>>> print(open('input_37.pdb').read())   # PDB, C-alpha atoms
MODEL        1
ATOM      1  CA  GLY A  11      -2.133  61.129   9.213
ATOM      2  CA  PRO A  12      -4.055  59.743   6.269
ATOM      3  CA  THR A  13      -0.851  58.745   4.403
ATOM      4  CA  SER A  14       0.941  57.193   7.422
ATOM      5  CA  ARG A  15       3.996  59.371   6.640
ATOM      6  CA  GLY A  16       4.186  57.910   3.133
ATOM      7  CA  THR A  17       3.857  54.230   4.040
ATOM      8  CA  ASN A  18       0.167  53.836   3.251
ATOM      9  CA  GLN A  19      -1.771  55.878   0.712
ATOM     10  CA  SER A  20      -3.634  55.399  -2.541
ATOM     11  CA  LYS A  21      -1.716  55.714  -5.821
ATOM     12  CA  GLU A  22      -3.829  58.794  -6.573
ATOM     13  CA  THR A  23      -2.969  60.502  -3.276
ATOM     14  CA  ARG A  24       0.725  59.716  -3.724
ATOM     15  CA  GLN A  25       0.596  61.122  -7.276
ATOM     16  CA  GLU A  26      -1.127  64.320  -6.080
ATOM     17  CA  ILE A  27       1.602  64.835  -3.478
ATOM     18  CA  MET A  28       4.356  64.086  -6.018
ATOM     19  CA  ASP A  29       2.810  66.558  -8.513
ATOM     20  CA  CYS A  30       2.787  69.317  -5.862
ATOM     21  CA  LEU A  31       6.386  68.518  -4.933
ATOM     22  CA  ALA A  32       7.487  68.598  -8.598
ATOM     23  CA  GLU A  33       5.902  72.059  -8.898
ATOM     24  CA  LEU A  34       7.638  73.203  -5.722
ATOM     25  CA  LYS A  35      10.947  71.869  -7.072
ATOM     26  CA  GLU A  36      10.493  73.944 -10.266
ATOM     27  CA  LEU A  37       9.814  77.080  -8.216
ATOM     28  CA  ALA A  38      12.875  76.414  -6.043
ATOM     29  CA  PHE A  39      14.980  75.955  -9.178
ATOM     30  CA  GLU A  40      13.938  79.468 -10.305
ATOM     31  CA  ASP A  41      14.760  80.994  -6.899
ATOM     32  CA  PRO A  42      16.909  78.645  -4.803
ATOM     33  CA  ALA A  43      17.763  81.168  -2.056
ATOM     34  CA  VAL A  44      17.047  79.721   1.384
ATOM     35  CA  ASN A  45      17.120  81.495   4.724
ATOM     36  CA  GLN A  46      19.829  79.322   6.221
ATOM     37  CA  ALA A  47      18.894  80.238   9.825
ATOM     38  CA  GLN A  48      15.415  78.773   9.283
ATOM     39  CA  LEU A  49      16.923  75.314   8.680
ATOM     40  CA  ASN A  50      17.990  75.044  12.333
ATOM     41  CA  GLY A  51      15.533  73.167  14.486
ATOM     42  CA  THR A  52      14.088  69.853  15.532
ATOM     43  CA  TRP A  53      11.801  68.579  12.790
ATOM     44  CA  ARG A  54       9.206  65.760  12.860
ATOM     45  CA  LEU A  55       8.554  63.660   9.754
ATOM     46  CA  VAL A  56       5.231  64.278   8.022
ATOM     47  CA  TRP A  57       5.819  62.453   4.716
ATOM     48  CA  THR A  58       8.693  60.958   2.710
ATOM     49  CA  THR A  59       9.605  58.792  -0.279
ATOM     50  CA  GLU A  60      12.847  57.608   1.396
ATOM     51  CA  LYS A  61      12.782  53.804   1.235
ATOM     52  CA  GLU A  62      15.026  53.208   4.272
ATOM     53  CA  ILE A  63      12.781  55.244   6.562
ATOM     54  CA  LEU A  64       9.583  53.779   5.094
ATOM     55  CA  GLY A  65      10.975  50.245   5.512
ATOM     56  CA  ILE A  66      11.559  50.870   9.201
ATOM     57  CA  ILE A  67       8.313  52.673  10.075
ATOM     58  CA  LYS A  68       5.779  50.818   7.907
ATOM     59  CA  GLU A  69       3.247  48.410   9.381
ATOM     60  CA  GLY A  70       5.136  45.149   9.902
ATOM     61  CA  GLY A  71       8.476  46.935   9.431
ATOM     62  CA  ILE A  72      11.613  46.805  11.563
ATOM     63  CA  ALA A  73       9.724  48.317  14.524
ATOM     64  CA  ASN A  74       8.085  44.881  14.970
ATOM     65  CA  PHE A  75      11.520  43.584  16.014
ATOM     66  CA  PHE A  76      11.130  45.818  19.083
ATOM     67  CA  GLY A  77       7.595  44.555  19.715
ATOM     68  CA  THR A  78       6.225  48.005  19.024
ATOM     69  CA  SER A  79       5.458  50.353  16.165
ATOM     70  CA  ALA A  80       7.572  53.336  15.182
ATOM     71  CA  GLY A  81       6.967  56.548  17.090
ATOM     72  CA  ASP A  82       8.209  59.981  16.075
ATOM     73  CA  VAL A  83      10.799  60.289  13.336
ATOM     74  CA  LEU A  84      12.888  63.360  14.144
ATOM     75  CA  GLN A  85      15.600  65.262  12.324
ATOM     76  CA  VAL A  86      17.737  67.873  14.047
ATOM     77  CA  ILE A  87      19.674  70.456  12.059
ATOM     78  CA  ASP A  88      22.136  72.616  13.987
ATOM     79  CA  LEU A  89      24.351  74.421  11.476
ATOM     80  CA  GLN A  90      26.289  76.267  14.227
ATOM     81  CA  ALA A  91      27.358  72.908  15.676
ATOM     82  CA  SER A  92      27.710  71.361  12.157
ATOM     83  CA  ARG A  93      25.336  68.641  13.355
ATOM     84  CA  LEU A  94      22.571  66.716  11.593
ATOM     85  CA  GLN A  95      20.872  63.943  13.548
ATOM     86  CA  ASN A  96      18.053  61.579  12.682
ATOM     87  CA  CYS A  97      16.096  59.499  15.157
ATOM     88  CA  ILE A  98      13.343  56.942  14.721
ATOM     89  CA  SER A  99      11.822  56.184  18.109
ATOM     90  CA  PHE A 100      10.365  52.838  19.156
ATOM     91  CA  PRO A 101       8.257  53.636  22.223
ATOM     92  CA  PRO A 102       8.576  53.269  25.088
ATOM     93  CA  GLU A 103      12.409  52.987  25.226
ATOM     94  CA  GLY A 104      13.871  52.129  21.814
ATOM     95  CA  ALA A 105      15.462  54.324  19.151
ATOM     96  CA  PHE A 106      17.559  54.170  15.997
ATOM     97  CA  LEU A 107      19.823  57.229  15.854
ATOM     98  CA  VAL A 108      22.163  58.543  13.174
ATOM     99  CA  ASP A 109      24.714  61.321  13.713
ATOM    100  CA  SER A 110      26.230  63.376  10.870
ATOM    101  CA  PHE A 111      28.377  66.394  10.135
ATOM    102  CA  ILE A 112      26.497  68.992   8.048
ATOM    103  CA  ALA A 113      27.502  72.083   6.080
ATOM    104  CA  PHE A 114      25.457  74.553   4.032
ATOM    105  CA  ASP A 115      26.866  75.488   0.623
ATOM    106  CA  GLU A 116      25.946  79.096  -0.205
ATOM    107  CA  GLU A 117      26.800  78.597  -3.871
ATOM    108  CA  ASP A 118      24.267  75.905  -4.736
ATOM    109  CA  GLN A 119      22.074  76.272  -1.620
ATOM    110  CA  LYS A 120      22.466  72.597  -0.708
ATOM    111  CA  CYS A 121      23.359  70.953   2.567
ATOM    112  CA  SER A 122      26.082  68.311   2.467
ATOM    113  CA  PHE A 123      26.248  65.738   5.214
ATOM    114  CA  LYS A 124      28.514  62.856   6.136
ATOM    115  CA  PHE A 125      27.483  60.175   8.619
ATOM    116  CA  SER A 126      29.675  60.064  11.737
ATOM    117  CA  GLY A 127      27.919  57.450  13.849
ATOM    118  CA  ALA A 128      24.780  55.446  14.467
ATOM    119  CA  ALA A 129      23.250  53.508  17.339
ATOM    120  CA  LEU A 130      20.396  51.114  17.954
ATOM    121  CA  LYS A 131      19.081  51.469  21.513
ATOM    122  CA  THR A 132      16.568  49.519  23.593
ATOM    123  CA  ASP A 133      15.746  49.671  27.295
ATOM    124  CA  LYS A 134      18.297  46.872  27.886
ATOM    125  CA  TRP A 135      21.140  47.390  25.408
ATOM    126  CA  THR A 136      22.770  49.743  22.907
ATOM    127  CA  VAL A 137      24.600  48.710  19.766
ATOM    128  CA  ARG A 138      26.889  51.228  18.068
ATOM    129  CA  LEU A 139      26.906  50.930  14.279
ATOM    130  CA  PRO A 140      29.591  52.128  11.864
ATOM    131  CA  PRO A 141      28.848  55.350  10.011
ATOM    132  CA  MET A 142      28.202  54.766   6.330
ATOM    133  CA  GLY A 143      27.736  57.255   3.552
ATOM    134  CA  LYS A 144      27.244  60.871   2.730
ATOM    135  CA  SER A 145      24.778  62.825   0.631
ATOM    136  CA  ARG A 146      23.337  66.245  -0.127
ATOM    137  CA  PHE A 147      19.875  67.764  -0.007
ATOM    138  CA  GLN A 148      18.263  70.970  -1.135
ATOM    139  CA  THR A 149      15.579  72.696   0.877
ATOM    140  CA  LEU A 150      12.812  73.498  -1.600
ATOM    141  CA  TYR A 151      10.703  75.345   0.948
ATOM    142  CA  VAL A 152      11.108  76.419   4.566
ATOM    143  CA  ASN A 153       9.100  78.634   6.909
ATOM    144  CA  ARG A 154       8.554  78.817  10.669
ATOM    145  CA  THR A 155       6.539  75.584  10.736
ATOM    146  CA  HIS A 156       7.448  73.380   7.757
ATOM    147  CA  ARG A 157      10.336  72.350   5.510
ATOM    148  CA  VAL A 158      10.417  70.412   2.248
ATOM    149  CA  ALA A 159      13.696  68.887   1.053
ATOM    150  CA  PHE A 160      14.830  66.963  -2.018
ATOM    151  CA  ASP A 161      17.975  64.841  -1.854
ATOM    152  CA  ASP A 162      20.577  63.707  -4.386
ATOM    153  CA  ARG A 163      18.929  60.279  -4.625
ATOM    154  CA  GLY A 164      15.645  61.836  -5.736
ATOM    155  CA  ASP A 165      13.779  61.465  -2.446
ATOM    156  CA  PHE A 166      11.468  64.035  -0.889
ATOM    157  CA  LEU A 167      11.049  64.808   2.795
ATOM    158  CA  ILE A 168       8.291  66.920   4.391
ATOM    159  CA  VAL A 169       8.811  67.811   8.049
ATOM    160  CA  GLU A 170       7.221  70.076  10.654
ATOM    161  CA  ARG A 171       9.157  72.116  13.206
ATOM    162  CA  VAL A 172       8.691  70.856  16.761
ATOM    163  CA  GLY A 173      11.349  72.912  18.528
ATOM    164  CA  ALA A 174      14.851  74.319  18.676
ATOM    165  CA  PRO A 175      17.895  72.178  17.795
ATOM    166  CA  ARG A 176      18.728  69.514  20.404
ATOM    167  CA  ASN A 177      21.361  66.825  20.733
ATOM    168  CA  LEU A 178      19.458  63.555  20.439
ATOM    169  CA  PHE A 179      22.588  61.461  21.089
ATOM    170  CA  ALA A 180      23.235  63.257  24.393
ATOM    171  CA  GLU A 181      19.540  62.966  25.355
ATOM    172  CA  ASN A 182      19.805  59.193  24.802
ATOM    173  CA  GLY A 183      23.006  58.903  26.862
ATOM    174  CA  LEU A 184      25.206  58.224  23.815
TER     175      LEU A 184
ENDMDL
END
>>> encode(input="input_37.pdb", output="structure tokens")
Amino acid sequence: GPTSRGTNQSKETRQEIMDCLAELKELAFEDPAVNQAQLNGTWRLVWTTEKEILGIIKEGGIANFFGTSAGDVLQVIDLQASRLQNCISFPPEGAFLVDSFIAFDEEDQKCSFKFSGAALKTDKWTVRLPPMGKSRFQTLYVNRTHRVAFDDRGDFLIVERVGAPRNLFAENGL
């Protein structure tokens, strides 16, 4: 899109988006109740402020290492399986995948997750990486098609639903 998922936009456009998100955050603070079932799904990144993701997908970012540019950035939430997965694809064959355990906290309406594994995959090799870290995020808005989240580090994520929950590690033979 016109913002390249948050990697390339004018200061004014970024500020407009941030202002809307700040307003949404205020509304969510007033009524934090989330339909937990609506969190489950496979979600595609639309826009984010998360520096790690932006560093990988930006023009001239880590995707260049693969001789390609970043494809879809997906997040899968499957609360029944306690699974949160993230995947940045590097078409045609590459991917960076992260696996996590996830739980929804009814009390504060936040999801807690703890990384359990990661892998960097090309058409020729796969490197398993040690899991590092844990965090929490709050869903500020969710409906059938879109979700907006805000994490404990102050980053925003806007994603669109592209399907039911899947297991991206299994799909990639991991």
>>> residues_around(input="input_37.pdb", residues="Val152 of chain A", least_positions_apart="2", cutoff="8 Å", atoms="all atoms listed in the file", output="list in words")
Val44, Asn45, Gln48, Leu49, Thr149, Leu150, Arg154, Thr155, His156, Arg157 and Val158 of chain A
>>> closest_residue(input="input_37.pdb", among="A:Phe111, A:Phe125, A:Phe160, A:Phe106", to="Lys144 of chain A", atoms="only C-alpha atoms")
A:Phe125
>>> residues_near_point(input="input_37.pdb", point="(12.8, 68.6, 12.3)", cutoff="9 Å", atoms="all atoms listed in the file", output="list in words")
Leu49, Asn50, Gly51, Thr52, Trp53, Arg54, Leu55, Val83, Leu84, Gln85, Val86, Ile87, Asn96, His156, Arg157, Val169, Glu170, Arg171, Val172, Gly173, Ala174 and Pro175 of chain A
>>> atom_distance(input="input_37.pdb", atom1="atom CA of Gly164 of chain A", atom2="atom CA of Gly104 of chain A")
29.3 Å
>>> residues_around(input="input_37.pdb", residues="Leu178 of chain A", least_positions_apart="2", cutoff="9 Å", atoms="only C-alpha atoms", output="JSON, numbers by chain")
{"A": [86, 95, 96, 97, 107, 109, 176, 180, 181, 182, 183, 184]}
>>> atom_distance(input="input_37.pdb", atom1="atom CA of Leu89 of chain A", atom2="atom CA of Ile112 of chain A")
6.8 Å
>>> residues_around(input="input_37.pdb", residues="Gln19 of chain A", least_positions_apart="5", cutoff="12 Å", atoms="all atoms listed in the file", output="list in words")
Gly11, Pro12, Thr13, Ser14, Arg24, Gln25, Glu26, Ile27, Trp57, Thr58, Thr59 and Lys68 of chain A
>>> closest_residue(input="input_37.pdb", among="A:Arg138, A:Ile168, A:Glu103, A:Asn177", to="Met28 of chain A", atoms="all atoms listed in the file")
A:Ile168
>>> closest_residue(input="input_37.pdb", among="A:Glu33, A:Asp82, A:Glu40, A:Glu116", to="Arg15 of chain A", atoms="all atoms listed in the file")
A:Asp82
>>> atom_distance(input="input_37.pdb", atom1="atom CA of Leu37 of chain A", atom2="atom CA of Tyr151 of chain A")
9.4 Å
>>> closest_residue(input="input_37.pdb", among="A:Ala80, A:Ile63, A:Pro102, A:Glu22", to="Lys134 of chain A", atoms="all atoms listed in the file")
A:Pro102
>>> residues_around(input="input_37.pdb", residues="Glu60 of chain A", least_positions_apart="3", cutoff="7 Å", atoms="all atoms listed in the file", output="PyMOL selection string")
chain A and resi 63-64+165-166
>>> residues_around(input="input_37.pdb", residues="Ala113 of chain A", least_positions_apart="6", cutoff="8 Å", atoms="only C-alpha atoms", output="JSON, numbers by chain")
{"A": [89, 92, 121, 122, 123]}
>>> closest_residue(input="input_37.pdb", among="A:Lys35, A:Ser79, A:Asp133, A:Thr17", to="Gly65 of chain A", atoms="only C-alpha atoms")
A:Thr17
>>> closest_residue(input="input_37.pdb", among="A:Lys131, A:Ser99, A:Lys61, A:Ala91", to="Arg163 of chain A", atoms="only C-alpha atoms")
A:Lys61
>>> axis_aligned_box(input="input_37.pdb", around="segment 159-165 of chain A", padding_each_side="3 Å", output="JSON")
{"center_x": 17.1, "center_y": 64.6, "center_z": -2.3, "size_x": 12.9, "size_y": 14.6, "size_z": 12.8}
>>> decode(input="input_37.pdb", residues="segment 154-178 of chain A", atoms="N, CA, C and O atoms", output="short mmCIF file (atom, residue, chain, number, x, y, z; two decimals), in the first residue's frame")
data_model
loop_
_atom_site.label_atom_id
_atom_site.label_comp_id
_atom_site.auth_asym_id
_atom_site.auth_seq_id
_atom_site.Cartn_x
_atom_site.Cartn_y
_atom_site.Cartn_z
N ARG A 154 -14.49 -8.92 11.97
CA ARG A 154 -14.30 -10.08 11.10
C ARG A 154 -13.09 -9.92 10.18
O ARG A 154 -12.50 -10.90 9.75
N THR A 155 -12.74 -8.67 9.84
CA THR A 155 -11.71 -8.46 8.82
C THR A 155 -10.41 -7.84 9.31
O THR A 155 -9.38 -8.01 8.68
N HIS A 156 -10.44 -7.09 10.41
CA HIS A 156 -9.25 -6.37 10.85
C HIS A 156 -9.05 -6.43 12.37
O HIS A 156 -10.01 -6.61 13.12
N ARG A 157 -7.79 -6.25 12.77
CA ARG A 157 -7.43 -6.22 14.19
C ARG A 157 -6.33 -5.18 14.38
O ARG A 157 -5.43 -5.05 13.54
N VAL A 158 -6.44 -4.44 15.47
CA VAL A 158 -5.43 -3.45 15.84
C VAL A 158 -4.95 -3.81 17.24
O VAL A 158 -5.75 -3.98 18.15
N ALA A 159 -3.62 -3.93 17.40
CA ALA A 159 -3.06 -4.30 18.70
C ALA A 159 -2.00 -3.29 19.11
O ALA A 159 -1.39 -2.61 18.27
N PHE A 160 -1.78 -3.21 20.43
CA PHE A 160 -0.80 -2.31 21.02
C PHE A 160 -0.03 -3.14 22.04
O PHE A 160 -0.63 -3.76 22.91
N ASP A 161 1.31 -3.18 21.91
CA ASP A 161 2.06 -4.06 22.80
C ASP A 161 2.73 -3.30 23.96
O ASP A 161 2.70 -2.07 24.01
N ASP A 162 3.32 -4.07 24.86
CA ASP A 162 3.92 -3.50 26.07
C ASP A 162 5.14 -2.62 25.78
O ASP A 162 5.58 -1.88 26.64
N ARG A 163 5.68 -2.70 24.57
CA ARG A 163 6.80 -1.83 24.21
C ARG A 163 6.34 -0.54 23.56
O ARG A 163 7.15 0.29 23.16
N GLY A 164 5.02 -0.41 23.38
CA GLY A 164 4.48 0.81 22.79
C GLY A 164 4.29 0.76 21.28
O GLY A 164 4.07 1.79 20.65
N ASP A 165 4.39 -0.44 20.71
CA ASP A 165 4.24 -0.58 19.26
C ASP A 165 2.82 -0.95 18.88
O ASP A 165 2.13 -1.67 19.59
N PHE A 166 2.42 -0.45 17.70
CA PHE A 166 1.10 -0.75 17.14
C PHE A 166 1.24 -1.74 15.99
O PHE A 166 2.27 -1.77 15.31
N LEU A 167 0.18 -2.51 15.78
CA LEU A 167 0.12 -3.49 14.71
C LEU A 167 -1.28 -3.43 14.12
O LEU A 167 -2.26 -3.49 14.87
N ILE A 168 -1.39 -3.29 12.81
CA ILE A 168 -2.69 -3.35 12.12
C ILE A 168 -2.60 -4.53 11.15
O ILE A 168 -1.68 -4.59 10.33
N VAL A 169 -3.54 -5.46 11.28
CA VAL A 169 -3.53 -6.66 10.44
C VAL A 169 -4.92 -6.92 9.87
O VAL A 169 -5.92 -6.48 10.43
N GLU A 170 -4.95 -7.64 8.74
CA GLU A 170 -6.22 -8.04 8.14
C GLU A 170 -6.32 -9.56 8.15
O GLU A 170 -5.33 -10.26 7.94
N ARG A 171 -7.54 -10.05 8.40
CA ARG A 171 -7.76 -11.50 8.46
C ARG A 171 -7.69 -12.09 7.05
O ARG A 171 -8.32 -11.58 6.14
N VAL A 172 -6.88 -13.15 6.92
CA VAL A 172 -6.78 -13.82 5.62
C VAL A 172 -7.21 -15.28 5.70
O VAL A 172 -7.16 -16.00 4.70
N GLY A 173 -7.65 -15.73 6.87
CA GLY A 173 -8.13 -17.11 6.98
C GLY A 173 -8.18 -17.59 8.41
O GLY A 173 -7.95 -16.85 9.36
N ALA A 174 -8.49 -18.88 8.53
CA ALA A 174 -8.57 -19.54 9.83
C ALA A 174 -7.15 -19.76 10.36
O ALA A 174 -6.18 -19.66 9.60
N PRO A 175 -7.01 -20.10 11.66
CA PRO A 175 -5.68 -20.40 12.18
C PRO A 175 -5.05 -21.58 11.43
O PRO A 175 -5.75 -22.50 11.03
N ARG A 176 -3.73 -21.49 11.21
CA ARG A 176 -2.97 -22.58 10.58
C ARG A 176 -1.71 -22.78 11.40
O ARG A 176 -1.40 -21.96 12.25
N ASN A 177 -0.99 -23.84 11.09
CA ASN A 177 0.30 -24.06 11.75
C ASN A 177 1.39 -23.82 10.71
O ASN A 177 1.68 -24.67 9.87
N LEU A 178 1.98 -22.63 10.76
CA LEU A 178 2.96 -22.22 9.77
C LEU A 178 4.26 -23.05 9.86
O LEU A 178 4.92 -23.27 8.86
#
